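Peer 1: Encoded as structure tokens, here's the structure I'll be asking about.
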Amino acid sequence: PSVTTTTTYYVKASMTYNSTTYSDTKTLKVYGKKTIKVKNTNGWSSMLMHRWDGDKTSTTWPGDATQISAYGTGQWKQVVLYSSNDKFALVDRTTNDNHTADQTYSSMTDGSCYAISSGTGGSLSLSSATCPSAPTVTASAASSVTNTTATINGSISGNGNDAITDYGFYWSTTQTTATALQSSGTKVQKGTSDYTGSITANLTSLTAGTMVYYIAYATNGQGTTLSSVQSFTVPY
């Protein structure tokens, strides 16, 4: 059955065999399901988002836990929270005791984004952050075009608040759309670490009279952005 969040429900089980027997009454308060994204700003290898109902300084950390698996500095993880208890804390699993101040599940906004960073005295802090998106990338006109060589150009103007992990170009003399270039064109990878700025690639062994099509691309944890298609004719 559907339930209303923050409402307390009283539940008991029953069994009927000649007569009906009931269990003890239990209470249930559901705070619901929320999907958030959490950014690691300090490079922890593993985090727990822990709901608790007791002594949060205990090494046993009572309550249910949501594992935030290993991810690098500046990267994001999507976390789905289910809660029947309004309190939780974030725990750095590399030490198992550094933790945030009390957080309240009801204060978290579904679809929102938060950053984890170091606080005072070895504690952690959780703060609102701009949500990540795919990078912003464009391709521009080719330069230094000869009958055998050319330089293709592009630019990454934003990483989408998430570290870029791959960027460069795709090119072809037969594929004419961005998706076809990505799937069947020649990939020219220019880098695998976070970067914004101009990018170039030198093409060689071109055939005079052919049309060359190319796009720039950039990838981060949110996806890959393909630029619009640029083209030029190799002169005789």
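Identifiers in the structure tokens: chain A, B, ... in order shown; residue index from 1 per chain; ligand index from 1 in order shown.
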Can you tell me, as a list in words, which residues in segment 7-38 of chain A count as strand (DSSP E) by DSSP?
Peer 2: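 Of segment 7-38 of chain A, only Thr8, Tyr9, Tyr10, Val11, Ser14, Met15, Thr16, Tyr17, Ser19, Thr20, Thr21, Tyr22, Lys26, Thr27, Leu28, Lys29, Gly32, Lys33, Lys34, Thr35, Ile36, Lys37 and Val38 of chain A fall in strand (DSSP E).
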Peer 1: With only C-alpha atoms as the counted atoms, please give the residues lying no more than 12 Å from Val145 of chain A, apart from itself and same-chain residues fewer than 5 positions off, as a ChimeraX atom specification.
Peer 2: /A:150-153,202-208,211-212,231-236
Peer 1: Of the candidates A:Ser198, A:Thr176, A:Thr136, A:Ser184, which shows the shortest atom-to-atom distance to Leu226 of chain A, using only C-alpha atoms?
Peer 2: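 Result for the nearest residue to Leu226 of chain A: A:Thr136.
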Peer 1: Using only C-alpha atoms for the distances, tell me which of A:Thr130, A:Thr148, A:Gln230, A:Ser143 is nearest to Gln175 of chain A.
Peer 2: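 Of A:Thr130, A:Thr148, A:Gln230, A:Ser143, the one nearest Gln175 of chain A, counting only C-alpha atoms, is A:Gln230.
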Peer 1: So which one's closest to Thr192 of chain A, A:Ser144, A:Thr219, A:Thr165, A:Gln78? Using only C-alpha atoms, please.
Peer 2: A:Thr165
Peer 1: Would you list the contacts of Ala134 of chain A as a list in words, taking every protein, DNA or RNA residue within 12 Å and counting only C-alpha atoms, but skipping same-chain residues closer than 3 positions in sequence?
Peer 2: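 My list of contacting residues is Cys131, Val137, Ile156, Ser157, Gly158, Asn159, Gly160, Asn161, Asp162, Ala163, Ile164, Thr165, Asp166, Tyr217, Ala218, Thr219, Asn220, Gly221, Gln222, Gly223, Thr224, Thr225 and Leu226 of chain A.
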Peer 1: Please compute the atom CA of Pro135 of chain A-atom CA of Lys190 of chain A distance, one decimal, in Å.
Peer 2: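 Atom CA of Pro135 of chain A sits 15.2 Å away from atom CA of Lys190 of chain A.
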Peer 1: How many Å separate atom CA of Asn40 of chain A from atom CA of Thr109 of chain A?
Peer 2: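 Separating atom CA of Asn40 of chain A from atom CA of Thr109 of chain A is a distance of 18.6 Å.
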